[in-house]
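Working notes, structure below.
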Amino acid sequence: MNFNYFSEKINGEVIFDVNSKNKIFEYIKNKKFIVFTSKSHTKRGQIKKILNGINERNFHIIDRIDSHAGLDNIWDLYLKIKKIKFISKIDYVLAIGGGSVLDVSKILSIKSIYKKKFDNIKSLIQFLSQSNDTVLSSYKFIAVPTTSGTSSELTKWSTVWDYENKKKLSISNPNFSPEIIFYDPSLTLSLSKKNTIISALDAFSHSLESIWNNNTSYYVINNASIAAKLIFSNLPKLINDQKNIDYRSKIMLASYFAGKSFSITETSIAHALSYYITLEKNIPHGIACSFTLFQIVKLIEKNKKYKKIKPFLEDIFGKSPSKKLNLFFKKINIPIKFSYYGISLEDFNGIIKSAKESQRYKNSMIDLNDFTYS
Ligand SMILES: [Fe+2]
């Protein structure tokens, strides 16, 4: 356990503003760019609002990014963009959306892929995974996250679903970092209660996962603790007062600090457990990666071999962290037992097996053999 080492590559600028429209406008008004977003954002009119006043000849909108984008979706978009003549004139990619939009935009903002010929999405992904930043050129990437959860804008990897092989693919490339990030909590006001909870729980899991992590450090733990405390105290309030911009800001800030911590450590045991649960039981990612946190925290609290981690949890939750966490999940109405999610003992054994094979489990200080079915 080494808390004293960390390494971080800082790129670009971060602007946090509850009314970012004017700042985004100033930044993009004279640029030629492609906008990546999802259908739901164009339907809700959010994109129109942001682009209002910009010459329509200066941008092209692609709003077909799926909410849990898979490889087929990326391949379709890639082929479509390749045919657009406008692509040769642009310098910038403006990505406005949740984690899926940002993850797909990272891949599609690599300029080099449009100059090459690929037979299928697998060869495109392989090219990206094997090429380093000196080989690739990219469009300048502007990220405007509209959820407070994945922190995709802060990581150098893109996570997409490989539905055919039932797994989550993580493609890592240093070129995936934005030149500028605009955090605007007002963009999260239209999120449903369900999506507010799901995305915040994802950030909550990212923060805690970077603490019981073999790549952790005091620097990481400080950022992670800020994030976890903000979510622990503000999410229950936010779900009872969803238009409250102060609570929205605190949850978005939490997502930023969670991103700063897990972009260094990667995720860990709860995420390793979650992938099977999402794919086989169709449980949204933010819930699948967080309802097991209760059991992990309880293990740390009760088992002497985890005694070095316990003080960090007590700093976040106070005395008896597992009791506090149990209460938190009750307040936001998220069950913490496997059985509630239709997971049988047999399923549980499958989950443990698949988690042990996950890359993320290698980051974990917590032993999966200590885990039990409930
Ligand atoms: Fe996650």
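Order determines the names: the first chain of the structure tokens is A, the second B, and so forth; residues in each chain are numbered 1 upward, and ligands are numbered 1 upward as they are shown.
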DSSP helix (DSSP H, G or I) selection over stretch 236-314 of chain A, as a PyMOL selection string: chain A and resi 236-239+245-265+269-281+285-288+293-302+304-306+310-314
Test item: residues lying within 10 Å of ligand 1 with only C-alpha atoms and all ligand atoms, as a ChimeraX atom specification: /A:99,149-152,159,199-207,209,262,266-268,270-272,274-275,285-290
Mind writing the picked residues with C-alpha atoms as an mmCIF file, in the first residue's frame?
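Generated output (selection_28.cif):
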data_model
loop_
_atom_site.group_PDB
_atom_site.id
_atom_site.type_symbol
_atom_site.label_atom_id
_atom_site.label_comp_id
_atom_site.auth_asym_id
_atom_site.auth_seq_id
_atom_site.Cartn_x
_atom_site.Cartn_y
_atom_site.Cartn_z
ATOM 1 C CA GLY A 99 -20.736 9.984 -20.578
ATOM 2 C CA GLY A 149 -21.334 11.136 -13.210
ATOM 3 C CA THR A 150 -18.899 9.486 -15.571
ATOM 4 C CA SER A 151 -16.272 12.290 -15.556
ATOM 5 C CA SER A 152 -15.355 11.034 -19.011
ATOM 6 C CA THR A 159 -15.401 3.216 -22.465
ATOM 7 C CA SER A 199 -25.076 9.442 -12.562
ATOM 8 C CA ALA A 200 -24.275 10.767 -9.079
ATOM 9 C CA LEU A 201 -23.876 7.213 -7.770
ATOM 10 C CA ASP A 202 -21.408 6.502 -10.564
ATOM 11 C CA ALA A 203 -19.304 9.473 -9.400
ATOM 12 C CA PHE A 204 -19.728 8.323 -5.774
ATOM 13 C CA SER A 205 -18.389 4.901 -6.732
ATOM 14 C CA HIS A 206 -15.486 6.433 -8.709
ATOM 15 C CA SER A 207 -14.422 8.462 -5.684
ATOM 16 C CA GLU A 209 -13.019 3.135 -5.665
ATOM 17 C CA PHE A 262 -10.094 7.949 -10.588
ATOM 18 C CA GLU A 266 -8.798 3.772 -12.568
ATOM 19 C CA THR A 267 -11.753 2.047 -10.918
ATOM 20 C CA SER A 268 -11.620 -1.075 -8.819
ATOM 21 C CA ALA A 270 -17.155 -2.381 -7.395
ATOM 22 C CA HIS A 271 -16.735 -1.694 -11.110
ATOM 23 C CA ALA A 272 -15.265 -5.157 -11.685
ATOM 24 C CA SER A 274 -20.740 -4.221 -12.028
ATOM 25 C CA TYR A 275 -20.088 -5.150 -15.669
ATOM 26 C CA HIS A 285 -24.186 1.237 -14.624
ATOM 27 C CA GLY A 286 -24.439 3.830 -11.825
ATOM 28 C CA ILE A 287 -26.537 1.461 -9.700
ATOM 29 C CA ALA A 288 -24.624 -1.715 -10.594
ATOM 30 C CA CYS A 289 -21.305 -0.116 -9.568
ATOM 31 C CA SER A 290 -22.597 1.400 -6.333
#
Selection: 10 Å around A:Ser233, only C-alpha atoms, excl. self and same-chain fewer than 3 positions, as a list of chain:residue names: A:Ala228, A:Lys229, A:Leu230, A:Pro236, A:Lys237, A:Leu238, A:Tyr247, A:Lys250, A:Ile251, A:Phe317, A:Phe328
Export, as a PDB file, in the first residue's frame, the selected residues with C-alpha atoms.
ATOM      1  CA  ALA A 228     -17.658  11.479  -1.700  1.00  0.00           C
ATOM      2  CA  LYS A 229     -18.562  13.997   1.041  1.00  0.00           C
ATOM      3  CA  LEU A 230     -20.321  16.285  -1.459  1.00  0.00           C
ATOM      4  CA  PRO A 236     -30.463  13.060  -0.717  1.00  0.00           C
ATOM      5  CA  LYS A 237     -31.280  16.791  -0.590  1.00  0.00           C
ATOM      6  CA  LEU A 238     -31.128  17.180  -4.369  1.00  0.00           C
ATOM      7  CA  TYR A 247     -27.256  21.161  -4.928  1.00  0.00           C
ATOM      8  CA  LYS A 250     -22.258  20.550  -5.583  1.00  0.00           C
ATOM      9  CA  ILE A 251     -22.984  17.262  -7.344  1.00  0.00           C
ATOM     10  CA  PHE A 317     -18.806   9.254   6.767  1.00  0.00           C
ATOM     11  CA  PHE A 328     -27.728   7.078   2.654  1.00  0.00           C
TER      12      PHE A 328
END
Excluding stretch 22-36 of chain A and its own-chain neighbours fewer than 4 positions away, which residues fall within 6 Å of it when counting only C-alpha atoms? Please give them as an mmCIF file with N, CA and C atoms, in the first residue's frame.
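Output (part_19.cif):
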data_model
loop_
_atom_site.group_PDB
_atom_site.id
_atom_site.type_symbol
_atom_site.label_atom_id
_atom_site.label_comp_id
_atom_site.auth_asym_id
_atom_site.auth_seq_id
_atom_site.Cartn_x
_atom_site.Cartn_y
_atom_site.Cartn_z
ATOM 1 N N ILE A 54 -24.552 31.540 -33.613
ATOM 2 C CA ILE A 54 -23.380 31.072 -34.372
ATOM 3 C C ILE A 54 -23.812 30.862 -35.831
ATOM 4 N N ASN A 58 -20.850 27.341 -39.976
ATOM 5 C CA ASN A 58 -19.626 27.025 -39.224
ATOM 6 C C ASN A 58 -19.694 25.714 -38.449
ATOM 7 N N PHE A 59 -20.844 25.051 -38.458
ATOM 8 C CA PHE A 59 -20.910 23.792 -37.704
ATOM 9 C C PHE A 59 -21.833 22.772 -38.379
ATOM 10 N N HIS A 60 -21.635 21.536 -37.959
ATOM 11 C CA HIS A 60 -22.461 20.435 -38.448
ATOM 12 C C HIS A 60 -22.818 19.591 -37.219
ATOM 13 N N ILE A 61 -24.095 19.242 -37.078
ATOM 14 C CA ILE A 61 -24.503 18.498 -35.867
ATOM 15 C C ILE A 61 -24.674 17.005 -36.162
ATOM 16 N N ILE A 62 -24.050 16.186 -35.349
ATOM 17 C CA ILE A 62 -24.277 14.729 -35.390
ATOM 18 C C ILE A 62 -24.921 14.374 -34.050
ATOM 19 N N ASP A 63 -26.210 14.022 -34.087
ATOM 20 C CA ASP A 63 -26.899 13.768 -32.805
ATOM 21 C C ASP A 63 -27.389 12.325 -32.692
ATOM 22 N N ILE A 90 -12.976 21.534 -40.678
ATOM 23 C CA ILE A 90 -13.111 21.815 -39.236
ATOM 24 C C ILE A 90 -11.792 21.719 -38.462
ATOM 25 N N TYR A 92 -12.331 21.910 -34.776
ATOM 26 C CA TYR A 92 -12.794 21.589 -33.426
ATOM 27 C C TYR A 92 -13.928 20.560 -33.416
ATOM 28 N N VAL A 93 -13.965 19.809 -32.311
ATOM 29 C CA VAL A 93 -15.113 18.948 -32.017
ATOM 30 C C VAL A 93 -15.728 19.486 -30.728
ATOM 31 N N LEU A 94 -17.035 19.738 -30.781
ATOM 32 C CA LEU A 94 -17.739 20.191 -29.580
ATOM 33 C C LEU A 94 -18.660 19.060 -29.130
ATOM 34 N N ALA A 95 -18.355 18.455 -27.997
ATOM 35 C CA ALA A 95 -19.169 17.335 -27.501
ATOM 36 C C ALA A 95 -20.040 17.820 -26.357
#
Closest of A:Met365, A:Val135, A:Leu279, A:Val160 to A:Ile300 - atom-to-atom distances counting only C-alpha atoms: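 Closest to A:Ile300, using only C-alpha atoms: A:Met365.
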